[in-house]
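Heads up, input_37.txt below (compact mmCIF, C-alpha atoms and all ligand atoms):
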```txt
# COMPACT_ATOMS: atom_id res chain seq x y z
CA MET A 1245 96.18 142.28 48.00
CA GLU A 1246 92.80 143.88 48.66
CA VAL A 1247 92.45 146.42 45.83
CA ILE A 1248 89.13 147.79 47.09
CA PRO A 1249 87.08 146.42 49.98
CA GLY A 1250 85.81 143.00 48.88
CA ILE A 1251 88.01 142.61 45.75
CA TYR A 1252 91.32 140.82 46.12
CA GLN A 1253 94.06 140.53 43.50
CA LEU A 1254 96.29 137.44 43.55
CA LYS A 1255 99.49 137.64 41.53
CA LEU A 1256 100.30 134.11 40.37
CA PRO A 1257 103.57 133.02 38.74
CA LEU A 1258 103.70 132.15 35.03
CA PRO A 1259 106.04 129.27 34.23
CA ILE A 1260 106.43 130.48 30.64
CA ILE A 1261 107.15 134.08 29.72
CA PRO A 1262 105.94 134.16 26.11
CA LEU A 1263 108.17 136.97 24.94
CA GLY A 1264 111.22 135.67 26.74
CA ASP A 1265 112.16 139.21 27.58
CA ILE A 1266 113.77 139.98 30.91
CA SER A 1267 112.72 143.57 31.46
CA LEU A 1268 109.14 142.76 30.59
CA GLY A 1269 109.33 139.67 32.81
CA GLN A 1270 107.77 141.48 35.74
CA VAL A 1271 104.68 142.15 33.68
CA LEU A 1272 104.50 138.93 31.70
CA GLY A 1273 105.94 136.65 34.39
CA GLN A 1274 102.79 136.94 36.44
CA ILE A 1275 99.09 136.79 35.95
CA ASN A 1276 96.49 138.51 38.12
CA VAL A 1277 93.39 136.65 39.18
CA TYR A 1278 90.63 138.30 41.22
CA LEU A 1279 88.60 136.99 44.14
CA ILE A 1280 85.41 138.91 44.77
CA GLU A 1281 83.35 138.65 47.90
CA GLY A 1282 79.73 137.61 47.78
CA ASN A 1283 76.89 136.93 50.18
CA ALA A 1284 76.49 133.29 49.25
CA GLY A 1285 79.89 132.60 47.72
CA TRP A 1286 82.93 134.19 46.11
CA LEU A 1287 83.47 134.95 42.45
CA LEU A 1288 86.85 134.08 40.94
CA VAL A 1289 87.91 135.80 37.71
CA ASP A 1290 90.59 133.82 35.83
CA THR A 1291 92.62 130.97 37.29
CA GLY A 1292 96.31 130.98 36.31
CA TRP A 1293 98.48 128.42 34.57
CA ASP A 1294 98.12 124.73 35.35
CA ALA A 1295 101.30 124.02 37.33
CA PRO A 1296 101.89 122.81 40.91
CA LYS A 1297 103.64 125.98 42.01
CA VAL A 1298 100.76 128.10 40.69
CA LEU A 1299 98.23 126.03 42.63
CA GLU A 1300 100.42 126.43 45.72
CA ALA A 1301 100.49 130.20 45.27
CA PHE A 1302 96.71 130.17 44.80
CA LYS A 1303 96.21 128.22 48.05
CA LYS A 1304 98.43 130.67 49.88
CA GLY A 1305 96.36 133.55 48.55
CA LEU A 1306 93.13 131.94 49.76
CA LYS A 1307 94.66 131.46 53.20
CA THR A 1308 95.71 135.11 53.40
CA ILE A 1309 92.14 136.20 52.60
CA GLY A 1310 90.79 133.65 55.08
CA ILE A 1311 88.70 131.55 52.70
CA THR A 1312 88.91 128.04 51.21
CA PHE A 1313 88.22 126.56 47.76
CA LYS A 1314 84.70 125.71 48.89
CA ASP A 1315 83.92 129.40 49.37
CA ILE A 1316 84.25 129.96 45.61
CA SER A 1317 80.84 129.51 43.97
CA GLU A 1318 81.51 130.94 40.52
CA ILE A 1319 84.52 131.06 38.18
CA VAL A 1320 84.52 133.38 35.18
CA ILE A 1321 87.25 133.25 32.54
CA THR A 1322 88.10 136.38 30.54
CA HIS A 1323 89.51 134.25 27.66
CA VAL A 1324 90.84 130.73 27.17
CA HIS A 1325 94.55 131.47 26.88
CA LEU A 1326 96.29 129.08 29.19
CA ASP A 1327 97.57 131.66 31.64
CA HIS A 1328 93.95 132.57 32.38
CA PHE A 1329 92.16 129.28 31.88
CA GLY A 1330 94.76 126.57 32.66
CA LEU A 1331 93.74 125.81 36.24
CA ALA A 1332 90.00 126.08 35.58
CA GLY A 1333 89.44 122.31 35.55
CA LYS A 1334 91.25 121.71 38.84
CA LEU A 1335 89.72 124.72 40.59
CA LYS A 1336 86.24 123.78 39.43
CA LYS A 1337 86.71 120.35 40.97
CA LEU A 1338 88.20 121.65 44.21
CA SER A 1339 85.52 124.30 44.72
CA GLY A 1340 82.42 122.82 43.10
CA ALA A 1341 81.92 126.25 41.49
CA ASN A 1342 80.09 126.98 38.24
CA LEU A 1343 82.39 127.88 35.37
CA GLY A 1344 81.51 130.47 32.75
CA LEU A 1345 83.15 131.91 29.65
CA HIS A 1346 82.15 133.41 26.31
CA ARG A 1347 80.58 131.12 23.72
CA MET A 1348 83.14 132.17 21.09
CA GLU A 1349 85.85 130.37 23.10
CA ARG A 1350 83.92 127.12 23.00
CA ARG A 1351 85.52 125.52 19.95
CA PHE A 1352 88.96 125.67 21.56
CA ILE A 1353 87.95 123.53 24.51
CA GLU A 1354 85.18 121.30 23.33
CA PRO A 1355 85.98 117.61 22.97
CA GLY A 1356 85.98 116.80 19.28
CA GLY A 1357 86.85 120.38 18.48
CA LEU A 1358 90.25 121.38 17.23
CA LYS A 1359 92.89 118.64 17.25
CA GLY A 1360 96.49 119.53 17.97
CA GLU A 1361 97.85 117.93 14.81
CA GLN A 1362 95.30 119.64 12.58
CA VAL A 1363 96.10 122.96 14.18
CA LEU A 1364 99.80 122.44 13.63
CA LYS A 1365 99.35 121.47 9.99
CA LYS A 1366 97.19 124.48 9.27
CA ILE A 1367 99.46 126.87 11.10
CA LYS A 1368 102.52 125.51 9.31
CA GLU A 1369 101.01 125.91 5.82
CA TRP A 1370 99.87 129.34 6.76
CA LEU A 1371 103.30 130.38 8.12
CA TYR A 1372 104.95 129.37 4.85
CA LYS A 1373 102.29 131.13 2.77
CA ASN A 1374 103.22 134.30 4.60
CA GLY A 1375 106.94 133.92 3.98
CA SER A 1376 108.24 132.31 7.19
CA PRO A 1377 111.60 130.63 6.60
CA LYS A 1378 111.33 126.83 6.48
CA ASP A 1379 113.85 126.43 9.31
CA GLU A 1380 111.43 128.18 11.61
CA GLY A 1381 109.39 124.99 11.72
CA LEU A 1382 107.52 124.01 14.80
CA VAL A 1383 110.10 122.79 17.26
CA LEU A 1384 107.95 120.78 19.62
CA GLN A 1385 106.05 118.88 16.98
CA LYS A 1386 106.99 115.46 18.37
CA VAL A 1387 105.61 116.32 21.78
CA LEU A 1388 102.46 117.67 20.23
CA GLN A 1389 101.64 114.42 18.49
CA GLY A 1390 100.47 113.14 21.88
CA PRO A 1391 96.86 113.34 23.02
CA MET A 1392 96.79 117.01 23.81
CA LYS A 1393 93.51 118.55 24.78
CA PHE A 1394 94.04 122.15 23.90
CA ILE A 1395 96.37 124.27 21.84
CA THR A 1396 96.84 127.99 21.54
CA PRO A 1397 97.11 128.86 17.84
CA MET A 1398 99.14 131.92 18.72
CA PHE A 1399 101.93 129.79 20.19
CA PRO A 1400 101.43 126.43 18.52
CA ASP A 1401 104.80 125.07 19.53
CA ALA A 1402 104.90 126.38 23.05
CA LEU A 1403 101.53 126.48 24.68
CA PHE A 1404 99.73 123.19 24.74
CA PHE A 1405 97.66 121.58 27.38
CA PHE A 1406 97.44 118.02 28.57
CA GLY A 1407 95.73 118.90 31.85
CA GLU A 1408 92.17 118.73 32.93
CA ILE A 1409 89.86 120.88 30.84
CA GLY A 1410 87.32 122.72 32.90
CA PHE A 1411 84.19 122.42 30.81
CA PRO A 1412 81.92 125.46 31.30
CA ASP A 1413 78.46 125.37 32.83
CA ILE A 1414 77.59 128.77 31.38
CA PHE A 1415 78.40 130.33 28.00
CA PHE A 1416 78.11 134.10 27.87
CA SER A 1417 77.20 136.19 24.84
CA GLY A 1418 77.79 139.56 26.48
CA GLY A 1419 75.25 141.70 28.31
CA GLU A 1420 74.64 139.24 31.16
CA SER A 1421 74.93 140.32 34.75
CA ILE A 1422 76.83 138.44 37.40
CA SER A 1423 75.88 139.30 40.94
CA THR A 1424 77.62 138.23 44.12
CA GLY A 1425 75.04 140.05 46.24
CA ILE A 1426 77.68 142.66 47.04
CA PHE A 1427 78.99 143.38 43.54
CA ASN A 1428 77.12 143.44 40.24
CA PHE A 1429 79.16 142.91 37.11
CA GLU A 1430 78.08 143.34 33.51
CA VAL A 1431 79.68 140.93 31.03
CA ILE A 1432 81.03 142.90 28.06
CA TRP A 1433 82.21 141.01 24.98
CA THR A 1434 85.52 142.54 23.87
CA PRO A 1435 86.85 140.48 20.94
CA GLY A 1436 90.38 141.20 19.69
CA HIS A 1437 93.06 139.59 21.83
CA SER A 1438 90.90 136.47 21.72
CA SER A 1439 87.63 135.87 19.83
CA GLY A 1440 85.58 135.44 22.98
CA HIS A 1441 87.41 137.81 25.30
CA ILE A 1442 85.20 139.42 27.95
CA CYS A 1443 85.62 142.25 30.46
CA LEU A 1444 83.58 142.62 33.63
CA TYR A 1445 82.20 146.03 34.57
CA GLU A 1446 80.96 147.03 38.02
CA GLN A 1447 79.03 150.21 37.34
CA ALA A 1448 78.32 151.30 40.91
CA LYS A 1449 81.96 150.88 41.95
CA LYS A 1450 83.31 152.14 38.58
CA VAL A 1451 85.62 149.12 38.34
CA LEU A 1452 86.56 147.27 35.15
CA ILE A 1453 88.20 143.84 35.20
CA SER A 1454 89.92 144.06 31.84
CA GLY A 1455 91.62 140.65 31.32
CA ASP A 1456 94.17 141.15 28.55
CA HIS A 1457 92.06 143.68 26.65
CA ILE A 1458 93.59 146.71 28.34
CA LEU A 1459 96.94 146.42 30.12
CA SER A 1460 98.86 149.39 31.45
CA GLN A 1461 102.48 148.47 30.67
CA ILE A 1462 102.27 146.46 27.45
CA THR A 1463 100.08 146.39 24.36
CA PRO A 1464 98.13 143.13 24.16
CA VAL A 1465 98.94 140.85 21.24
CA ILE A 1466 96.36 141.09 18.47
CA ALA A 1467 97.00 138.26 16.05
CA LEU A 1468 95.51 137.11 12.77
CA ASN A 1469 95.84 133.35 12.34
CA PRO A 1470 93.77 130.57 10.76
CA PHE A 1471 91.72 130.23 13.95
CA SER A 1472 91.10 133.87 14.75
CA ARG A 1473 88.12 135.89 13.61
CA SER A 1474 88.63 137.42 10.19
CA ASN A 1475 89.67 140.91 11.31
CA PRO A 1476 90.90 140.72 14.93
CA LEU A 1477 92.43 144.20 14.95
CA GLY A 1478 89.17 145.66 13.62
CA ASP A 1479 87.43 143.77 16.45
CA TYR A 1480 89.93 145.05 18.97
CA ILE A 1481 89.66 148.73 18.00
CA GLY A 1482 85.86 148.35 17.94
CA SER A 1483 85.93 146.81 21.42
CA LEU A 1484 88.12 149.63 22.74
CA ASN A 1485 85.81 152.27 21.30
CA ASN A 1486 82.83 150.43 22.76
CA LEU A 1487 84.34 150.65 26.27
CA LYS A 1488 84.89 154.38 26.02
CA ARG A 1489 81.27 154.98 27.08
CA LEU A 1490 81.99 153.46 30.51
CA ASP A 1491 82.68 155.45 33.62
CA VAL A 1492 85.74 153.68 35.05
CA GLU A 1493 87.89 154.82 37.93
CA LEU A 1494 89.86 151.61 38.47
CA VAL A 1495 91.08 149.06 35.91
CA LEU A 1496 92.04 145.60 37.15
CA PRO A 1497 94.08 143.99 34.36
CA GLY A 1498 95.22 140.40 33.76
CA HIS A 1499 98.90 141.34 33.93
CA GLY A 1500 100.84 144.16 35.55
CA ASP A 1501 99.59 146.80 37.96
CA TYR A 1502 96.07 148.11 38.36
CA PHE A 1503 95.60 151.63 37.07
CA VAL A 1504 93.24 154.58 36.92
CA HIS A 1505 93.91 156.31 33.57
CA PHE A 1506 91.28 154.30 31.69
CA GLN A 1507 90.32 156.70 28.88
CA ARG A 1508 93.93 157.78 28.28
CA ARG A 1509 95.08 154.16 28.03
CA ILE A 1510 92.39 153.40 25.44
CA ASP A 1511 93.59 156.37 23.38
CA GLU A 1512 97.22 155.23 23.71
CA LEU A 1513 96.38 151.70 22.53
CA ILE A 1514 94.42 152.97 19.52
CA GLN A 1515 97.26 155.37 18.76
CA HIS A 1516 99.81 152.53 18.94
CA HIS A 1517 97.93 150.55 16.30
CA GLU A 1518 97.44 153.62 14.10
CA GLU A 1519 101.19 154.20 14.21
CA ARG A 1520 101.94 150.58 13.35
CA LYS A 1521 99.45 150.71 10.48
CA ARG A 1522 101.24 153.79 9.20
CA ILE A 1523 104.63 152.00 9.32
CA ILE A 1524 103.22 148.96 7.52
CA LEU A 1525 101.53 151.08 4.86
CA GLU A 1526 104.89 152.80 4.19
CA LEU A 1527 106.54 149.38 3.80
CA VAL A 1528 103.83 148.18 1.44
CA LYS A 1529 104.27 151.31 -0.69
CA GLU A 1530 107.86 150.25 -1.42
CA GLY A 1531 106.50 147.37 -3.50
CA PRO A 1532 104.76 144.01 -3.03
CA LYS A 1533 105.97 142.17 0.05
CA VAL A 1534 105.11 139.10 2.05
CA ALA A 1535 104.11 139.62 5.68
CA TYR A 1536 107.27 138.02 7.13
CA GLU A 1537 109.44 140.47 5.21
CA MET A 1538 107.47 143.35 6.68
CA ALA A 1539 107.61 141.88 10.19
CA SER A 1540 111.42 141.89 9.80
CA GLU A 1541 111.37 145.65 9.20
CA ILE A 1542 109.01 146.69 11.99
CA PRO A 1543 110.41 147.80 15.37
CA TRP A 1544 108.80 145.48 17.95
CA MET A 1545 108.21 146.14 21.64
CA PRO A 1546 107.79 149.90 21.48
CA GLU A 1547 107.80 149.84 25.30
CA LYS A 1548 111.51 149.06 24.98
CA GLY A 1549 112.22 151.60 22.30
CA GLY A 1550 111.87 149.11 19.43
CA VAL A 1551 113.50 145.71 18.98
CA SER A 1552 114.18 144.08 15.61
CA LEU A 1553 112.70 140.71 14.73
CA ASP A 1554 116.05 138.88 14.71
CA LYS A 1555 116.50 139.74 18.40
CA LEU A 1556 113.29 137.87 19.28
CA ASP A 1557 112.94 134.13 19.85
CA PRO A 1558 111.25 131.96 17.16
CA CYS A 1559 108.00 131.90 19.09
CA SER A 1560 107.89 135.68 19.10
CA HIS A 1561 108.63 135.66 15.34
CA ARG A 1562 105.33 133.96 14.79
CA MET A 1563 103.57 136.36 17.08
CA ALA A 1564 105.13 139.29 15.22
CA LEU A 1565 103.98 137.77 11.93
CA MET A 1566 100.43 137.34 13.22
CA GLU A 1567 100.43 140.92 14.48
CA THR A 1568 101.69 142.21 11.13
CA LEU A 1569 98.93 140.26 9.39
CA ALA A 1570 96.29 141.67 11.74
CA HIS A 1571 97.39 145.17 10.67
CA LEU A 1572 97.50 144.20 6.99
CA LYS A 1573 93.99 142.81 7.27
CA ILE A 1574 92.54 146.02 8.67
CA LEU A 1575 94.43 148.02 5.99
CA GLU A 1576 92.94 145.68 3.40
CA GLU A 1577 89.43 146.19 4.85
CA GLU A 1578 89.98 149.95 4.73
CA GLY A 1579 90.93 149.69 1.06
CA ASN A 1580 94.57 150.73 1.44
CA VAL A 1581 96.18 147.36 0.80
CA LYS A 1582 95.55 144.54 -1.66
CA ARG A 1583 96.48 140.89 -1.18
CA ILE A 1584 97.68 138.84 -4.15
CA TYR A 1585 98.34 135.11 -4.01
CA LYS A 1586 101.20 134.12 -6.28
CA ALA A 1587 103.76 131.27 -6.26
CA ASN A 1588 102.25 129.83 -3.05
CA LEU A 1589 102.76 133.10 -1.23
CA ASP A 1590 100.49 135.94 -0.13
CA PHE A 1591 101.91 139.29 -1.30
CA TYR A 1592 100.62 142.64 -0.16
CA CYS A 1593 100.57 145.77 -2.33
CA SER A 1594 99.44 149.33 -1.78
CA THR A 1595 96.30 150.40 -3.59
CA ALA A 1596 97.66 153.96 -3.84
CA GLY A 1597 100.33 155.59 -6.02
CA LYS A 1598 102.66 153.65 -8.29
CA ASN A 1599 101.57 150.24 -7.06
CA VAL A 1600 97.99 150.60 -8.24
CA GLY A 1601 97.08 147.49 -10.17
CA TYR A 1602 100.46 145.88 -9.57
CA TYR A 1603 99.87 142.39 -10.84
CA SER A 1604 103.20 141.67 -12.50
CA LEU A 1605 104.73 139.75 -9.59
ZN ZN A 1701 97.26 136.77 29.61
```

I need this file expressed as structure tokens, please.
Amino acid sequence: MEVIPGIYQLKLPLPIIPLGDISLGQVLGQINVYLIEGNAGWLLVDTGWDAPKVLEAFKKGLKTIGITFKDISEIVITHVHLDHFGLAGKLKKLSGANLGLHRMERRFIEPGGLKGEQVLKKIKEWLYKNGSPKDEGLVLQKVLQGPMKFITPMFPDALFFFGEIGFPDIFFSGGESISTGIFNFEVIWTPGHSSGHICLYEQAKKVLISGDHILSQITPVIALNPFSRSNPLGDYIGSLNNLKRLDVELVLPGHGDYFVHFQRRIDELIQHHEERKRIILELVKEGPKVAYEMASEIPWMPEKGGVSLDKLDPCSHRMALMETLAHLKILEEEGNVKRIYKANLDFYCSTAGKNVGYYSL
């Protein structure tokens, strides 16, 4: 689909729908990648999951536009989650294009970087420290003992990668410009959903390619885990506020439909996290709790009117836990919550009212 003259959106299938939710399947069951016309070559933003049917869909899209792999001269990845980065290695080979992503994503893909087994061990210890039941162990551990090349800490038992890593030619820091001769994009570092997440802004056309930073139908997952930055929700809110200065008339997101209500959507996303912080603070005020206990009391998927944790699959339990912890971390930074390590568990207490100085756990 040509969203504006010279920018094409390809909707590619996603073999795994992380939330396993049917009504959200339309949004999460697909990923959008963007092909942008240039004078000397095309720019591709994000690649899709590494699976034969995705590559087939990609080829079909190229044919509809009337170009081939060789016409792509540059590939830019908004973040290294596998729905965005998975095909990067194959597409780089097929096109001969340069590949670029943010330097903060480097450690996830560099040979000799994180090893699958180490990641699993760390994540497991960390899950238990935050009160996850022992029977929620990592189900695919046997598979993961193989020589995997990449693992997503957010879904350690579901999203792993044995395919061909596309090693970048360029590492961005933010502030660079990417020109196709027809379009000029500014790289904007927007940490939160991923440490090295970037958005691409075309000032003259007032277009923002937002990756998973701003989606119209769902709120992106913001997760604290042993491999995230220390305060991902603080990063995320900061990144949203930073984008407010931009004049944007069209947002091209990584999932779901493109949209125009840029400023309003930013406000809604900030509001969503404020509301969740308020709920968590209320829970903490009831007395010291571990994060898993709080995750069990929070209504998830507000888009669906709120779903309890026990209705979600085990993979989503972990995501809910990481989201809860991201909110607890920002509350801790703001001085409203205190973390106390006791009996191999992390407990959270309110710093206000009757729980002040509550150390008698
Ligand atoms: Zn995504």

Check: From the list A:Ile1458, A:Ile1316, A:Ala1284, A:Val1298, which residue is nearest ligand ZN 1701 (chain A) when using only C-alpha atoms and all ligand atoms?
Finding: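 Once distances to ligand ZN 1701 (chain A) are computed over only C-alpha atoms and all ligand atoms, the minimum belongs to A:Ile1458.
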
Checklist line | Minimum-distance residue to ligand ZN 1701 (chain A), chosen among A:His1457, A:His1328, A:Lys1573, A:Lys1303 (using only C-alpha atoms and all ligand atoms) | finding: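 Among A:His1457, A:His1328, A:Lys1573, A:Lys1303, it is A:His1328 that comes nearest to ligand ZN 1701 (chain A).
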
Notebook entry, point to check: Quick one: distance from atom CA of Glu1446 of chain A to atom CA of Glu1318 of chain A in Å, one decimal?
Noted result: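 Computing it gives 16.3 Å between the two atoms.
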
Item checked: Minimum-distance residue to Thr1568 of chain A, chosen among A:Ser1483, A:Ser1454, A:Ser1540, A:Gln1515 (using all atoms listed in the file) -> A:Ser1540

Next item on the list: Kindly give the distance, in Å, that separates atom CA of Asp1491 of chain A and atom CA of Asn1428 of chain A, rounded to a single decimal.
Entry: 14.8 Å

Next item on the list: State, in Å with one decimal place, the distance from atom CA of Asp1554 of chain A to atom CA of Ile1542 of chain A.
Entry: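 These atoms are spaced 10.9 Å apart.
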
Next item on the list: For each of A:Pro1497, A:Gly1419, A:Gly1344, A:Pro1296, take the minimum atom-to-atom distance to Asn1276 of chain A, counting all atoms listed in the file, then give the residue where this is smallest.
Entry: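 Of the candidates, the smallest distance to Asn1276 of chain A is held by A:Pro1497.
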
Checklist line | Exercise: Ala1535 of chain A partners within 12 Å, all atoms listed in the file, chain neighbours under 3 positions left out, as a ChimeraX atom specification | finding: /A:1370-1377,1468,1524-1525,1527-1528,1532,1538-1542,1561-1573,1583-1584,1589-1593

Next item on the list: Quick one: everything within 9 Å of Glu1420 of chain A, counting all atoms listed in the file, minus sequence neighbours fewer than 2 positions away in the same chain. Send it as a list of chain:residue names.
Entry: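 Answer for this query is A:Phe1416, A:Ser1417, A:Gly1418, A:Ile1422, A:Phe1429, A:Glu1430, A:Val1431, A:Ile1432.
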
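Each of A:Asn1588, A:Asn1485, A:Ser1474, A:Thr1291 was checked against Ile1275 of chain A using all atoms listed in the file; the smallest atom-to-atom distance is that of A:Thr1291.
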
Any idea what's packed within 10 Å of Leu1496 of chain A, counting only C-alpha atoms, ignoring anything in its chain fewer than 6 positions away? Could you give it as a PDB file with C-alpha atoms, in the coordinates of the input?
```
ATOM      1  CA  VAL A1247      92.450 146.420  45.830  1.00  0.00           C
ATOM      2  CA  ILE A1251      88.010 142.610  45.750  1.00  0.00           C
ATOM      3  CA  GLN A1253      94.060 140.530  43.500  1.00  0.00           C
ATOM      4  CA  ASN A1276      96.490 138.510  38.120  1.00  0.00           C
ATOM      5  CA  VAL A1277      93.390 136.650  39.180  1.00  0.00           C
ATOM      6  CA  TYR A1278      90.630 138.300  41.220  1.00  0.00           C
ATOM      7  CA  CYS A1443      85.620 142.250  30.460  1.00  0.00           C
ATOM      8  CA  LEU A1444      83.580 142.620  33.630  1.00  0.00           C
ATOM      9  CA  VAL A1451      85.620 149.120  38.340  1.00  0.00           C
ATOM     10  CA  LEU A1452      86.560 147.270  35.150  1.00  0.00           C
ATOM     11  CA  ILE A1453      88.200 143.840  35.200  1.00  0.00           C
ATOM     12  CA  SER A1454      89.920 144.060  31.840  1.00  0.00           C
ATOM     13  CA  GLY A1455      91.620 140.650  31.320  1.00  0.00           C
ATOM     14  CA  ASP A1456      94.170 141.150  28.550  1.00  0.00           C
ATOM     15  CA  ILE A1458      93.590 146.710  28.340  1.00  0.00           C
ATOM     16  CA  LEU A1459      96.940 146.420  30.120  1.00  0.00           C
ATOM     17  CA  SER A1460      98.860 149.390  31.450  1.00  0.00           C
ATOM     18  CA  TYR A1502      96.070 148.110  38.360  1.00  0.00           C
ATOM     19  CA  PHE A1503      95.600 151.630  37.070  1.00  0.00           C
ATOM     20  CA  VAL A1504      93.240 154.580  36.920  1.00  0.00           C
TER      21      VAL A1504
END
```

Item checked: Proximity to ligand ZN 1701 (chain A) - best of A:Ile1367, A:Gly1305, A:Val1465, A:Gly1340, only C-alpha atoms and all ligand atoms ->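 Closest to ligand ZN 1701 (chain A), using only C-alpha atoms and all ligand atoms: A:Val1465.
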
Next item on the list: May I have the residues within 12 Å of Lys1337 of chain A as an MDAnalysis selection string, using all atoms listed in the file and disregarding those fewer than 6 positions away in the same chain?
Entry: chainID A and resid 1313:1314 1316:1319 1331 1343 1408:1412

I need the chosen residues saved as a PDB file, in the frame of the given file, with C-alpha atoms.
```pdb
ATOM      1  CA  PHE A1313      88.220 126.560  47.760  1.00  0.00           C
ATOM      2  CA  LYS A1314      84.700 125.710  48.890  1.00  0.00           C
ATOM      3  CA  ILE A1316      84.250 129.960  45.610  1.00  0.00           C
ATOM      4  CA  SER A1317      80.840 129.510  43.970  1.00  0.00           C
ATOM      5  CA  GLU A1318      81.510 130.940  40.520  1.00  0.00           C
ATOM      6  CA  ILE A1319      84.520 131.060  38.180  1.00  0.00           C
ATOM      7  CA  LEU A1331      93.740 125.810  36.240  1.00  0.00           C
ATOM      8  CA  LEU A1343      82.390 127.880  35.370  1.00  0.00           C
ATOM      9  CA  GLU A1408      92.170 118.730  32.930  1.00  0.00           C
ATOM     10  CA  ILE A1409      89.860 120.880  30.840  1.00  0.00           C
ATOM     11  CA  GLY A1410      87.320 122.720  32.900  1.00  0.00           C
ATOM     12  CA  PHE A1411      84.190 122.420  30.810  1.00  0.00           C
ATOM     13  CA  PRO A1412      81.920 125.460  31.300  1.00  0.00           C
TER      14      PRO A1412
END
```

Next item on the list: Within 10 Å of Asp1479 of chain A, counting all atoms listed in the file, which residues show up once you throw out same-chain ones fewer than 2 positions away? Write them as a PyMOL selection string, please.
Entry: chain A and resi 1434-1439+1466+1473-1477+1481-1485+1574

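For the point (97.1, 123.3, 40.7) in file coordinates, the residues within 10 Å, using only C-alpha atoms, are Thr1291, Gly1292, Trp1293, Asp1294, Ala1295, Pro1296, Lys1297, Val1298, Leu1299, Glu1300, Ala1301, Phe1302, Lys1303, Gly1330, Leu1331, Ala1332, Gly1333, Lys1334, Leu1335, Leu1338 and Gly1407 of chain A.
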
May I have the centre and edge lengths, in Å to one decimal, of an axis-aligned box around the listed atoms of segment 1298-1310 of chain A with 6 Å added to every side, as AutoDock Vina command-line options?
```
--center_x 95.8 --center_y 131.1 --center_z 47.9 --size_x 22.0 --size_y 22.2 --size_z 26.4
```
